[in-house]
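Novice: So I've got this file, my_file06.cif, and it contains mmCIF, C-alpha atoms:
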```
data_coords
#
loop_
_atom_site.label_atom_id
_atom_site.label_comp_id
_atom_site.auth_asym_id
_atom_site.auth_seq_id
_atom_site.Cartn_x
_atom_site.Cartn_y
_atom_site.Cartn_z
CA MET A 1 0.00 0.00 0.00
CA PRO A 2 1.35 3.47 -0.82
CA GLN A 3 2.16 5.62 2.18
CA VAL A 4 1.72 9.38 2.49
CA TYR A 5 3.91 11.39 4.84
CA PHE A 6 2.89 14.91 5.85
CA THR A 7 5.09 17.77 6.95
CA ALA A 8 5.03 18.49 10.68
CA HIS A 9 3.55 21.90 9.79
CA LEU A 10 0.28 20.11 9.12
CA ARG A 11 0.07 18.29 12.46
CA SER A 12 -2.86 20.44 13.57
CA VAL A 13 -5.01 19.09 10.74
CA ILE A 14 -3.51 15.62 10.21
CA ALA A 15 -2.23 14.06 13.40
CA ARG A 16 -1.20 10.77 11.82
CA SER A 17 1.76 10.43 9.47
CA PRO A 18 2.41 8.35 7.49
CA VAL A 19 -1.00 7.24 6.29
CA GLU A 20 -1.56 4.08 4.26
CA VAL A 21 -3.70 4.86 1.25
CA GLN A 22 -5.42 3.51 -1.83
CA GLY A 23 -4.95 5.18 -5.18
CA ALA A 24 -3.42 4.83 -8.58
CA ASP A 25 -1.97 8.33 -8.69
CA VAL A 26 -1.04 11.08 -6.27
CA ARG A 27 -4.47 12.67 -6.56
CA GLY A 28 -6.21 9.43 -5.67
CA ALA A 29 -3.83 8.81 -2.81
CA LEU A 30 -4.48 12.25 -1.35
CA LEU A 31 -8.24 12.02 -1.82
CA SER A 32 -8.31 8.89 0.27
CA VAL A 33 -6.62 10.82 3.08
CA PHE A 34 -9.01 13.75 2.70
CA GLN A 35 -11.97 11.40 3.12
CA ALA A 36 -10.82 10.63 6.63
CA SER A 37 -9.46 14.12 7.35
CA PRO A 38 -11.60 16.59 5.36
CA GLN A 39 -10.10 19.69 6.96
CA LEU A 40 -6.72 18.78 5.45
CA LYS A 41 -7.94 19.20 1.90
CA GLY A 42 -8.04 23.02 1.96
CA TYR A 43 -4.45 23.10 3.21
CA VAL A 44 -3.04 21.02 0.35
CA LEU A 45 -5.37 21.97 -2.52
CA ASP A 46 -6.97 25.29 -3.39
CA GLU A 47 -10.70 25.68 -3.99
CA ARG A 48 -10.26 24.57 -7.61
CA GLY A 49 -8.61 21.33 -6.61
CA ALA A 50 -5.13 22.39 -7.73
CA LEU A 51 -2.08 21.74 -5.61
CA ARG A 52 -1.29 24.91 -3.67
CA GLN A 53 1.58 26.83 -5.18
CA HIS A 54 3.85 26.50 -2.17
CA VAL A 55 3.13 22.89 -1.35
CA CYS A 56 5.53 20.42 -2.91
CA ILE A 57 5.28 16.69 -3.34
CA PHE A 58 8.06 14.14 -3.41
CA LEU A 59 7.28 10.74 -4.88
CA ASP A 60 9.77 7.98 -4.16
CA GLY A 61 12.52 10.49 -3.57
CA GLU A 62 11.84 12.68 -6.57
CA ARG A 63 10.39 16.14 -6.30
CA LEU A 64 7.45 16.48 -8.69
CA ALA A 65 6.75 19.58 -10.73
CA ASN A 66 3.79 21.31 -9.12
CA ALA A 67 1.50 21.34 -12.18
CA ALA A 68 1.85 17.63 -12.90
CA ALA A 69 2.20 16.29 -9.37
CA LEU A 70 -1.38 15.16 -8.83
CA ASP A 71 -1.40 13.05 -11.99
CA ALA A 72 1.80 11.15 -11.24
CA PRO A 73 1.15 7.40 -11.03
CA VAL A 74 2.02 5.66 -7.77
CA ARG A 75 3.06 2.06 -7.13
CA ARG A 76 1.97 -0.18 -4.27
CA SER A 77 5.28 0.46 -2.56
CA SER A 78 5.38 4.21 -3.20
CA GLU A 79 6.19 6.79 -0.56
CA ILE A 80 4.64 10.21 -1.05
CA TYR A 81 5.85 13.18 0.96
CA VAL A 82 3.67 16.30 1.21
CA MET A 83 5.98 19.14 2.20
CA GLN A 84 5.98 22.92 2.22
CA ALA A 85 8.19 24.76 -0.22
CA LEU A 86 10.75 26.84 1.61
CA SER A 87 10.26 30.58 1.32
CA GLY A 88 10.10 33.78 3.29
CA GLY A 89 12.15 35.15 6.11
CA MET B 1 -11.86 53.18 26.74
CA ALA B 2 -10.89 49.84 25.26
CA ASP B 3 -8.14 48.15 27.27
CA ARG B 4 -7.31 45.39 24.83
CA ALA B 5 -5.83 45.66 21.36
CA LEU B 6 -5.53 42.98 18.69
CA VAL B 7 -2.32 43.33 16.71
CA SER B 8 -2.10 41.24 13.53
CA THR B 9 1.41 40.64 12.27
CA ARG B 10 3.38 38.66 9.79
CA LYS B 11 4.25 36.17 12.53
CA GLY B 12 1.09 35.82 14.54
CA LEU B 13 -1.66 37.63 16.40
CA PHE B 14 -0.83 39.45 19.62
CA PHE B 15 -3.34 40.53 22.24
CA PHE B 16 -2.10 43.62 24.03
CA ARG B 17 -3.52 44.68 27.36
CA ARG B 18 -3.19 48.00 29.08
CA ASN B 19 -0.91 47.67 32.08
CA GLY B 20 -0.66 50.82 34.15
CA ARG B 21 0.48 53.48 31.73
CA GLY B 22 1.82 51.12 29.11
CA TRP B 23 0.69 48.19 27.02
CA ASP B 24 2.07 44.65 27.20
CA ILE B 25 1.55 41.45 25.27
CA ALA B 26 -1.10 39.49 27.18
CA SER B 27 -1.27 36.49 24.86
CA THR B 28 -0.06 35.28 21.48
CA HIS B 29 -2.00 33.31 18.88
CA PHE B 30 -1.11 31.51 15.63
CA CYS B 31 2.58 32.00 16.29
CA GLY B 32 4.63 32.00 13.11
CA THR B 33 1.69 32.34 10.75
CA PRO B 34 0.87 35.60 8.94
CA VAL B 35 -2.37 37.09 10.31
CA THR B 36 -3.69 39.62 7.83
CA LEU B 37 -6.54 40.88 9.96
CA ALA B 38 -8.25 40.41 13.30
CA PHE B 39 -11.76 41.72 13.66
CA HIS B 40 -13.71 42.13 16.88
CA GLU B 41 -17.41 42.08 16.17
CA PRO B 42 -18.80 44.65 18.59
CA ALA B 43 -22.35 43.31 18.80
CA GLY B 44 -21.72 39.61 19.19
CA GLY B 45 -18.32 39.79 20.81
CA ALA B 46 -16.71 37.22 18.56
CA ILE B 47 -13.15 37.73 17.38
CA TYR B 48 -12.20 36.65 13.87
CA ALA B 49 -8.63 36.07 12.74
CA ALA B 50 -7.76 35.88 9.04
CA LEU B 51 -4.62 33.85 8.40
CA ARG B 52 -2.61 33.82 5.21
CA ASP B 53 -0.45 30.79 5.46
CA GLY B 54 2.08 31.10 2.70
CA HIS B 55 2.01 27.38 2.06
CA PHE B 56 -1.43 26.18 2.97
CA GLY B 57 -3.65 29.06 1.86
CA PRO B 58 -5.93 31.56 3.55
CA LYS B 59 -7.82 30.41 6.63
CA LEU B 60 -10.35 31.97 8.97
CA HIS B 61 -10.67 31.31 12.69
CA ARG B 62 -13.21 32.52 15.24
CA SER B 63 -13.06 32.77 19.00
CA ASP B 64 -16.18 33.14 21.12
CA ASP B 65 -14.27 33.38 24.39
CA ASN B 66 -11.84 36.25 23.88
CA GLY B 67 -9.12 34.15 22.36
CA ALA B 68 -9.02 31.30 24.88
CA ASN B 69 -10.11 28.91 22.14
CA TRP B 70 -10.23 29.21 18.36
CA ILE B 71 -12.23 27.22 15.88
CA GLU B 72 -11.39 27.13 12.22
CA VAL B 73 -14.49 28.23 10.33
CA ALA B 74 -15.04 28.10 6.58
CA THR B 75 -12.78 30.18 4.38
CA PRO B 76 -14.58 32.27 1.77
CA ALA B 77 -13.97 30.71 -1.64
CA PHE B 78 -14.71 31.58 -5.23
CA PRO B 79 -17.08 29.14 -6.91
CA LEU B 80 -15.57 26.93 -9.58
CA ASP B 81 -17.43 28.72 -12.36
CA ALA B 82 -16.39 32.24 -11.32
CA ASP B 83 -15.11 34.19 -14.29
CA GLY B 84 -11.34 34.10 -14.59
CA LYS B 85 -11.01 31.06 -12.34
CA PRO B 86 -9.85 33.07 -9.31
CA THR B 87 -8.52 31.55 -6.13
CA LEU B 88 -8.62 33.46 -2.87
CA LYS B 89 -5.17 34.58 -1.69
CA GLN B 90 -6.18 36.28 1.52
CA VAL B 91 -9.08 37.70 3.49
CA TRP B 92 -8.47 41.45 3.63
CA ALA B 93 -11.68 42.93 5.03
CA LEU B 94 -14.25 41.86 7.60
CA ALA B 95 -17.31 43.80 8.76
CA ALA B 96 -20.64 43.09 10.43
CA ALA B 97 -23.97 44.48 9.27
CA LYS B 98 -26.77 45.59 11.57
CA ASP B 99 -28.56 42.25 11.17
CA GLY B 100 -25.44 40.26 12.09
CA THR B 101 -24.48 39.36 8.54
CA LEU B 102 -20.73 39.06 8.26
CA TRP B 103 -19.14 40.49 5.10
CA ALA B 104 -15.69 39.52 3.91
CA GLY B 105 -13.53 40.96 1.15
CA GLY B 106 -10.47 39.36 -0.34
CA ILE B 107 -7.56 39.36 -2.70
CA PRO B 108 -8.66 39.02 -5.50
CA ALA B 109 -11.44 41.50 -4.75
CA GLY B 110 -14.35 39.14 -4.27
CA VAL B 111 -16.98 39.86 -1.63
CA PHE B 112 -18.64 37.17 0.45
CA LYS B 113 -21.43 37.02 3.06
CA SER B 114 -22.06 34.76 6.01
CA SER B 115 -25.20 34.56 8.13
CA ASP B 116 -23.81 31.90 10.48
CA LYS B 117 -20.69 33.54 11.90
CA GLY B 118 -18.41 32.19 9.24
CA ALA B 119 -19.55 28.57 9.26
CA SER B 120 -20.48 29.01 5.61
CA TRP B 121 -20.05 31.74 3.00
CA THR B 122 -21.96 32.92 -0.04
CA PHE B 123 -20.05 34.48 -2.93
CA VAL B 124 -21.68 37.77 -3.98
CA ASP B 125 -21.34 37.26 -7.70
CA SER B 126 -23.08 40.50 -8.70
CA LEU B 127 -20.01 42.63 -7.97
CA TRP B 128 -17.68 40.14 -9.66
CA GLY B 129 -19.98 40.44 -12.67
CA VAL B 130 -19.83 44.21 -13.19
CA PRO B 131 -18.29 44.95 -16.61
CA ASP B 132 -15.90 47.47 -15.05
CA ARG B 133 -14.10 44.64 -13.25
CA ALA B 134 -12.06 44.19 -16.43
CA LYS B 135 -10.30 47.45 -15.54
CA TRP B 136 -9.42 46.54 -11.96
CA PHE B 137 -5.75 45.91 -11.32
CA GLY B 138 -3.48 45.17 -8.44
CA GLY B 139 -2.47 47.81 -5.94
CA GLY B 140 0.29 46.55 -3.71
CA TYR B 141 -0.44 42.95 -4.69
CA ASP B 142 -0.63 41.24 -8.04
CA GLU B 143 -4.41 41.27 -8.03
CA SER B 144 -7.08 43.74 -7.02
CA GLY B 145 -7.99 43.58 -3.35
CA MET B 146 -10.95 44.60 -1.21
CA HIS B 147 -9.63 46.10 2.00
CA SER B 148 -12.56 48.15 3.26
CA ILE B 149 -16.19 47.21 3.89
CA VAL B 150 -18.45 49.79 5.50
CA CYS B 151 -21.79 48.57 6.79
CA ASP B 152 -24.42 51.24 7.40
CA PRO B 153 -25.32 51.11 11.10
CA ARG B 154 -28.88 52.16 10.19
CA ALA B 155 -29.68 49.67 7.41
CA ALA B 156 -28.33 46.14 7.04
CA ASP B 157 -28.74 46.06 3.27
CA HIS B 158 -26.64 49.16 2.71
CA VAL B 159 -22.93 48.49 2.27
CA LEU B 160 -20.01 50.23 0.60
CA VAL B 161 -16.77 48.51 -0.32
CA ALA B 162 -13.44 49.92 -1.47
CA ILE B 163 -11.05 48.12 -3.80
CA SER B 164 -7.40 48.75 -4.70
CA SER B 165 -7.39 49.50 -7.64
CA GLY B 166 -11.05 49.02 -8.44
CA GLY B 167 -12.97 51.96 -7.02
CA VAL B 168 -15.70 52.31 -4.39
CA TRP B 169 -18.94 50.41 -4.82
CA GLU B 170 -22.27 50.73 -3.07
CA THR B 171 -25.17 48.34 -2.67
CA ARG B 172 -28.52 49.20 -1.12
CA ASP B 173 -30.02 45.76 -1.61
CA ALA B 174 -27.59 43.57 0.33
CA GLY B 175 -25.40 42.88 -2.68
CA LYS B 176 -27.92 42.24 -5.45
CA SER B 177 -26.77 45.31 -7.39
CA TRP B 178 -23.87 47.76 -7.19
CA GLN B 179 -23.16 51.35 -8.20
CA VAL B 180 -19.71 52.85 -8.43
CA ARG B 181 -19.12 55.83 -6.10
CA THR B 182 -15.91 57.68 -6.90
CA ARG B 183 -17.07 61.06 -8.22
CA GLY B 184 -14.43 63.61 -7.27
CA MET B 185 -11.57 61.14 -6.97
CA TYR B 186 -8.76 61.21 -9.49
CA ALA B 187 -5.79 59.01 -10.30
CA THR B 188 -2.30 60.19 -11.18
CA TYR B 189 -0.96 56.73 -12.05
CA VAL B 190 -2.81 56.31 -15.37
CA PRO B 191 -2.74 58.29 -18.63
CA PRO B 192 -4.39 61.70 -18.11
CA GLU B 193 -7.56 60.90 -20.04
CA GLN B 194 -8.31 58.07 -17.62
CA LYS B 195 -7.72 59.99 -14.40
CA SER B 196 -11.39 60.10 -13.46
CA ASP B 197 -12.29 56.58 -14.59
CA PRO B 198 -14.23 55.22 -11.60
CA ALA B 199 -13.09 51.63 -11.97
CA ILE B 200 -9.35 52.31 -11.68
CA GLN B 201 -9.45 54.51 -8.59
CA ASP B 202 -7.16 53.25 -5.85
CA PRO B 203 -8.64 53.96 -2.45
CA HIS B 204 -6.10 52.67 0.06
CA ARG B 205 -8.58 52.73 2.90
CA MET B 206 -12.17 53.89 3.45
CA VAL B 207 -13.83 54.51 6.82
CA GLN B 208 -17.13 55.90 8.02
CA CYS B 209 -18.20 58.06 10.94
CA PRO B 210 -20.47 55.66 12.86
CA SER B 211 -22.69 58.38 14.34
CA GLU B 212 -23.04 60.21 11.02
CA PRO B 213 -22.79 57.46 8.41
CA GLU B 214 -23.10 59.87 5.49
CA VAL B 215 -19.62 61.08 6.35
CA MET B 216 -16.86 58.96 4.90
CA TRP B 217 -13.12 59.38 4.51
CA VAL B 218 -10.73 57.86 2.00
CA GLN B 219 -6.96 57.79 1.89
CA HIS B 220 -6.41 57.31 -1.82
CA HIS B 221 -3.22 56.59 -3.74
CA SER B 222 -3.37 60.09 -5.19
CA GLY B 223 -4.78 62.07 -2.27
CA VAL B 224 -7.16 62.37 0.66
CA PHE B 225 -10.91 62.64 0.18
CA ARG B 226 -14.05 63.15 2.26
CA SER B 227 -17.69 62.65 1.39
CA ALA B 228 -20.57 64.18 3.33
CA ASP B 229 -23.27 62.42 1.33
CA GLY B 230 -22.46 58.75 1.69
CA GLY B 231 -20.02 58.56 -1.18
CA GLY B 232 -22.04 60.43 -3.78
CA GLU B 233 -19.44 63.17 -4.11
CA TRP B 234 -15.87 63.21 -2.81
CA SER B 235 -13.99 66.40 -1.99
CA GLU B 236 -10.23 66.45 -1.98
CA LEU B 237 -8.57 67.57 1.26
CA HIS B 238 -5.11 69.02 1.50
CA PRO B 239 -3.27 67.65 4.53
CA PRO B 240 0.20 68.92 5.40
CA VAL B 241 3.43 66.89 5.13
CA SER B 242 2.18 64.55 2.39
CA LYS B 243 -1.08 63.51 0.82
CA PHE B 244 0.24 59.99 0.25
CA GLY B 245 -0.42 57.31 2.82
CA PHE B 246 -2.52 54.27 3.58
CA ALA B 247 -4.31 54.57 6.90
CA VAL B 248 -7.27 56.66 8.04
CA ALA B 249 -9.43 56.46 11.15
CA ALA B 250 -12.76 58.22 11.68
CA HIS B 251 -13.92 59.59 15.01
CA PRO B 252 -16.92 57.58 16.22
CA GLY B 253 -18.96 60.60 17.29
CA ARG B 254 -17.59 63.69 15.59
CA ALA B 255 -18.07 63.85 11.84
CA GLY B 256 -15.38 66.49 11.42
CA THR B 257 -12.60 64.49 13.03
CA ALA B 258 -10.32 61.95 11.38
CA TRP B 259 -6.69 60.88 11.54
CA PHE B 260 -4.25 60.12 8.71
CA VAL B 261 -0.65 58.93 8.68
CA PRO B 262 1.28 60.56 5.83
CA ALA B 263 4.06 58.73 4.02
CA HIS B 264 6.62 60.26 1.67
CA SER B 265 5.29 59.06 -1.69
CA ASP B 266 4.42 56.11 -3.83
CA GLN B 267 8.11 55.66 -4.63
CA ARG B 268 9.25 56.07 -1.01
CA ARG B 269 6.90 54.36 1.40
CA GLU B 270 8.37 55.79 4.56
CA PRO B 271 7.86 58.88 6.73
CA VAL B 272 9.00 62.22 5.36
CA ASN B 273 12.51 62.91 6.73
CA GLY B 274 12.30 59.84 8.95
CA HIS B 275 9.82 61.70 11.15
CA VAL B 276 6.64 59.82 12.09
CA VAL B 277 3.60 62.08 12.35
CA VAL B 278 -0.17 61.83 12.44
CA ASN B 279 -2.42 64.39 10.74
CA ARG B 280 -5.70 65.11 12.49
CA THR B 281 -8.51 67.32 11.32
CA ASP B 282 -11.34 68.47 13.57
CA ASP B 283 -13.20 70.57 11.02
CA GLY B 284 -13.98 68.17 8.22
CA GLY B 285 -10.64 68.57 6.54
CA ARG B 286 -10.40 72.35 6.20
CA THR B 287 -7.43 72.41 8.57
CA PHE B 288 -5.10 69.80 10.02
CA ALA B 289 -2.88 69.53 13.06
CA THR B 290 0.32 67.54 12.61
CA LEU B 291 0.94 65.55 15.79
CA ASP B 292 4.23 63.92 16.77
CA ARG B 293 4.64 63.93 20.56
CA GLY B 294 6.01 60.52 21.54
CA LEU B 295 6.60 59.47 17.94
CA PRO B 296 10.07 59.06 16.39
CA HIS B 297 11.38 62.42 15.18
CA ALA B 298 14.22 61.03 13.03
CA GLN B 299 15.71 57.88 11.53
CA ALA B 300 12.36 56.10 11.34
CA PHE B 301 11.17 54.08 8.37
CA ASP B 302 7.80 53.05 9.76
CA LEU B 303 5.01 52.72 7.23
CA VAL B 304 1.51 52.48 8.68
CA TYR B 305 -0.40 50.17 6.42
CA ARG B 306 -4.12 50.24 5.57
CA HIS B 307 -5.45 48.63 8.71
CA GLY B 308 -2.64 49.89 10.94
CA LEU B 309 -4.54 52.76 12.59
CA VAL B 310 -7.68 52.47 14.71
CA VAL B 311 -9.62 54.58 17.19
CA ASP B 312 -11.77 53.11 19.95
CA GLU B 313 -15.40 53.94 20.71
CA SER B 314 -14.42 56.79 23.03
CA GLY B 315 -12.71 58.64 20.20
CA GLU B 316 -9.75 59.36 22.46
CA ARG B 317 -7.73 56.14 22.40
CA LEU B 318 -5.87 55.19 19.24
CA ALA B 319 -3.52 52.40 18.29
CA MET B 320 -1.06 52.58 15.41
CA GLY B 321 1.22 49.83 14.11
CA SER B 322 3.84 49.92 11.37
CA THR B 323 5.29 47.49 8.89
CA THR B 324 8.60 47.70 10.71
CA GLY B 325 6.93 46.56 13.90
CA GLY B 326 6.48 49.86 15.70
CA LEU B 327 3.38 50.06 17.89
CA TRP B 328 2.05 53.19 19.57
CA PHE B 329 -0.98 54.09 21.65
CA SER B 330 -2.58 57.45 22.38
CA ASP B 331 -5.11 58.30 25.08
CA ASP B 332 -5.70 61.90 24.02
CA GLY B 333 -6.90 61.77 20.46
CA GLY B 334 -3.43 61.54 19.02
CA GLU B 335 -1.93 64.57 20.81
CA SER B 336 0.65 62.31 22.42
CA TRP B 337 1.74 58.73 21.90
CA THR B 338 3.37 55.99 23.94
CA MET B 339 5.51 53.42 22.18
CA SER B 340 5.18 49.78 23.08
CA ALA B 341 8.44 48.22 24.21
CA ALA B 342 7.69 45.09 22.18
CA ARG B 343 9.77 44.64 19.05
CA LEU B 344 7.19 43.14 16.78
CA PRO B 345 7.06 41.54 13.35
CA PRO B 346 5.62 43.67 10.52
CA ILE B 347 2.16 44.82 11.60
CA TYR B 348 -0.69 44.42 9.15
CA ALA B 349 -3.65 45.48 11.29
CA VAL B 350 -4.72 46.77 14.68
CA ASP B 351 -8.14 46.67 16.31
CA PHE B 352 -9.55 47.25 19.77
CA ALA B 353 -11.63 44.65 21.56
#
```
Please, can you express the file's structure as structure tokens?
Specialist:
Amino acid sequence: MPQVYFTAHLRSVIARSPVEVQGADVRGALLSVFQASPQLKGYVLDERGALRQHVCIFLDGERLANAAALDAPVRRSSEIYVMQALSGG
Amino acid sequence: MADRALVSTRKGLFFFRRNGRGWDIASTHFCGTPVTLAFHEPAGGAIYAALRDGHFGPKLHRSDDNGANWIEVATPAFPLDADGKPTLKQVWALAAAKDGTLWAGGIPAGVFKSSDKGASWTFVDSLWGVPDRAKWFGGGYDESGMHSIVCDPRAADHVLVAISSGGVWETRDAGKSWQVRTRGMYATYVPPEQKSDPAIQDPHRMVQCPSEPEVMWVQHHSGVFRSADGGGEWSELHPPVSKFGFAVAAHPGRAGTAWFVPAHSDQRREPVNGHVVVNRTDDGGRTFATLDRGLPHAQAFDLVYRHGLVVDESGERLAMGSTTGGLWFSDDGGESWTMSAARLPPIYAVDFA
């Protein structure tokens, strides 16, 4: 089963990490987490369902380009990391 | 006079409490997260905090117990079919109407209503649908933003909103229809033939005199304006030091009194000669007094942003916060100021509660 790890910055809305998920791609994997933790959805996706600009996703060690991240296929053994892009001061 | 102030900063929300002659931090909230606005609803007593998490989007929280506990309520959101496919970047204005309806404005400049204290929001699509929206552009941010919502204390359906750079708009039917209200304003940042175009006016902040709601004040990108007829006609005022600035506060009971914080210019968003001053008029803008007792007289680069100046219901106590983290209070209508010892993050907004 793919596993999704969430940045510690999201602990207030997703206490558990990693989470075992179903899903053939990153979008499906995340949606299965949102079903159990609906508040999380608005932190990772905007109101149009797009990945927020300053959230980044690593899939099996590779950072995915933001625009294509949700469509990336995942394997049964995949590890998905949902992290915040570093910015600001 | 109000003994508690809500100070919204780039790195959290601070509750200040009056302590003897000074003001101290009584509690901190949302540490590390930008708080663009905190709004104390006078009638119901709730406090709302608008967060703009750089990574995880805008969020809205409400406390019903003076900040002891917060609940995350719904964030206003554009519907999927909204023209231009906008996404909300931040909540920039909050106001309560006479009937308890909560109004919110954002960046981009959408307006939203809630009748259940933020548990759910309705997008007011009529304003988003005005043809003039095509002319709106960003003022300070990449997109147009609604920073001021003025709810008529006499009539719940009567609301005016101000947009940078998208003009002033009025509804008398709770948002079903809108009329632009910028007559008398002018813009120096567009080609001359467009200077009076209503839809490109850049009010930086608009406030209303609560006891005489026909009287309104605007600090505009190109000057300072006052209306005595609810926004129908705006007269330019001529404050000393500089007519550029962001903040304005209206006296709650005296229609002739308002405060402004001049800044050097569009190109130099800092005090003139490093000297922080407040301009106050007591005669509707015919004359101004420039006040500086207790404020830095030199080497200061404090800019007071749109929501960085507020007066309490007594009309005597003011709070002023700057984007370099300076925070001052006055108990005598701005004649003299006391600086907080706290060295704060950039201040976006101050309110009393």
Novice: I would like the residues chosen by the PyMOL selection byres ((chain A) within 12 of (chain B)) on the shown file; could you give them as a count of residues only?
Specialist: 31
Novice: How would you write as a list in words the residues that get within 9 Å of (-4.7, 27.0, 21.6) in the file's frame, counting only C-alpha atoms?
Specialist: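 Protein, DNA and RNA residues close to (-4.7, 27.0, 21.6): His29, Phe30, Gly67, Ala68, Asn69 and Trp70 of chain B.
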Novice: Can you spit out the residues from that selection as a PDB file, in the coordinates of the input, using C-alpha atoms?
Specialist:
```pdb
ATOM      1  CA  HIS B  29      -2.000  33.310  18.880  1.00  0.00           C
ATOM      2  CA  PHE B  30      -1.110  31.510  15.630  1.00  0.00           C
ATOM      3  CA  GLY B  67      -9.120  34.150  22.360  1.00  0.00           C
ATOM      4  CA  ALA B  68      -9.020  31.300  24.880  1.00  0.00           C
ATOM      5  CA  ASN B  69     -10.110  28.910  22.140  1.00  0.00           C
ATOM      6  CA  TRP B  70     -10.230  29.210  18.360  1.00  0.00           C
TER       7      TRP B  70
END
```
Novice: Between CA of Ser144 in chain B and CA of Leu127 in chain B, what distance in Å does the model show, to one decimal?
Specialist: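 CA of Leu127 in chain B lies at a distance of 13.0 Å from CA of Ser144 in chain B.
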Novice: Evaluate the PyMOL selection byres ((chain B and resi 302) around 10) against this structure - the residues, as a list in words, please.
Specialist: Ala263, Arg269, Glu270, Pro271, Gly274, His275, Val276, Pro296, Gln299, Ala300, Phe301, Leu303, Val304, Tyr305, Gly321, Ser322, Thr323, Thr324, Gly325, Gly326, Leu327 and Pro346 of chain B
Novice: So how far away is CA of Val261 in chain B from CA of Arg205 in chain B, in Å?
Specialist: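 Distance between the two atoms: 11.6 Å.
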Novice: Could you tell me which of B:Ala134, B:Val73, B:Val278, B:Ala349 comes closest to Trp337 in chain B if we count only C-alpha atoms?
Specialist: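 Closest to Trp337 in chain B of all the choices is B:Val278.
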Novice: Given the file shown, determine the residues that the PyMOL selection byres ((chain A and resi 33) around 10) selects; report them as a PyMOL selection string.
Specialist: chain A and resi 4+14+19-22+28-32+34-38+40-41
Novice: Work out how far apart CA of His158 in chain B and CA of Thr171 in chain B are and give it in Å to one decimal.
Specialist: 5.6 Å
Novice: Please identify all polymer residues within 9 Å of His147 in chain B, counting only C-alpha atoms, omitting same-chain residues fewer than 2 positions from it, and present them as a list in words.
Specialist: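 My reading of the contact set: Val91, Trp92, Ala93, Leu94, Gly105, Gly106, Ile107, Ala109, Gly145, Ile149, Val161, Ala162, Ile163, Ser164, His204, Arg205, Met206, Arg306 and His307 of chain B.
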Novice: Give the answer as one residue: which of A:Met1, A:Ile80, A:Ala8, A:Val74 has the shortest atom-to-atom distance to Ile57 in chain A, using only C-alpha atoms?
Specialist: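 Result for the nearest residue to Ile57 in chain A: A:Ile80.
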Novice: I'd like the contact shell of range 214-227 of chain B - 10 Å cut-off, all atoms listed in the file, skipping same-chain residues fewer than 5 positions apart - returned as a PyMOL selection string.
Specialist: chain B and resi 139+148+150+152+162+164-165+167-168+182-189+201-209+232-239+242-250+254-262+265-266+284-285+306
Novice: A:Ala24, A:Ala15, A:Tyr5, A:Asp60: which is nearest Ser78 in chain A, counting all atoms listed in the file?
Specialist: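 Closest candidate: A:Asp60.
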Novice: From (5.1, 1.1, -3.3), in the file's coordinates, out to 7 Å: which residues are reached, counting only C-alpha atoms? Answer as a list in words.
Specialist: Met1, Pro2, Arg75, Arg76, Ser77, Ser78 and Glu79 of chain A
Novice: Which polymer residues have any atom within 9 Å of an atom of Gly12 in chain B, counting only C-alpha atoms, with same-chain residues fewer than 2 positions away left out, as a PyMOL selection string?
Specialist: chain B and resi 7-10+14+28-35+51+345
Novice: Smallest atom-to-atom distance to Glu41 in chain B: which of B:Trp103, B:Phe288, B:Tyr141, B:Phe16, using only C-alpha atoms?
Specialist: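 Ranking B:Trp103, B:Phe288, B:Tyr141, B:Phe16 by distance to Glu41 in chain B, first place goes to B:Trp103.
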Novice: Could you pull the residues within 9 Å of range 338-344 of chain B, counting all atoms listed in the file, minus those fewer than 5 positions along the same chain, as JSON, numbers by chain?
Specialist: {"B": [9, 11, 21, 22, 23, 24, 25, 293, 294, 295, 324, 325, 326, 327, 328, 329, 330, 331]}
Novice: How about saving the chosen residues, C-alpha atoms kept, as a short mmCIF file (atom, residue, chain, number, x, y, z; two decimals), keeping the file's coordinate frame?
Specialist:
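For reference, selection23.cif as written:
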```cif
data_model
loop_
_atom_site.label_atom_id
_atom_site.label_comp_id
_atom_site.auth_asym_id
_atom_site.auth_seq_id
_atom_site.Cartn_x
_atom_site.Cartn_y
_atom_site.Cartn_z
CA THR B 9 1.41 40.64 12.27
CA LYS B 11 4.25 36.17 12.53
CA ARG B 21 0.48 53.48 31.73
CA GLY B 22 1.82 51.12 29.11
CA TRP B 23 0.69 48.19 27.02
CA ASP B 24 2.07 44.65 27.20
CA ILE B 25 1.55 41.45 25.27
CA ARG B 293 4.64 63.93 20.56
CA GLY B 294 6.01 60.52 21.54
CA LEU B 295 6.60 59.47 17.94
CA THR B 324 8.60 47.70 10.71
CA GLY B 325 6.93 46.56 13.90
CA GLY B 326 6.48 49.86 15.70
CA LEU B 327 3.38 50.06 17.89
CA TRP B 328 2.05 53.19 19.57
CA PHE B 329 -0.98 54.09 21.65
CA SER B 330 -2.58 57.45 22.38
CA ASP B 331 -5.11 58.30 25.08
#
```
Novice: So which one's closest to Gly175 in chain B, B:Cys151, B:Ala156, B:Val124, B:Ala46? Using all atoms listed in the file, please.
Specialist: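 Closest to Gly175 in chain B of all the choices is B:Val124.
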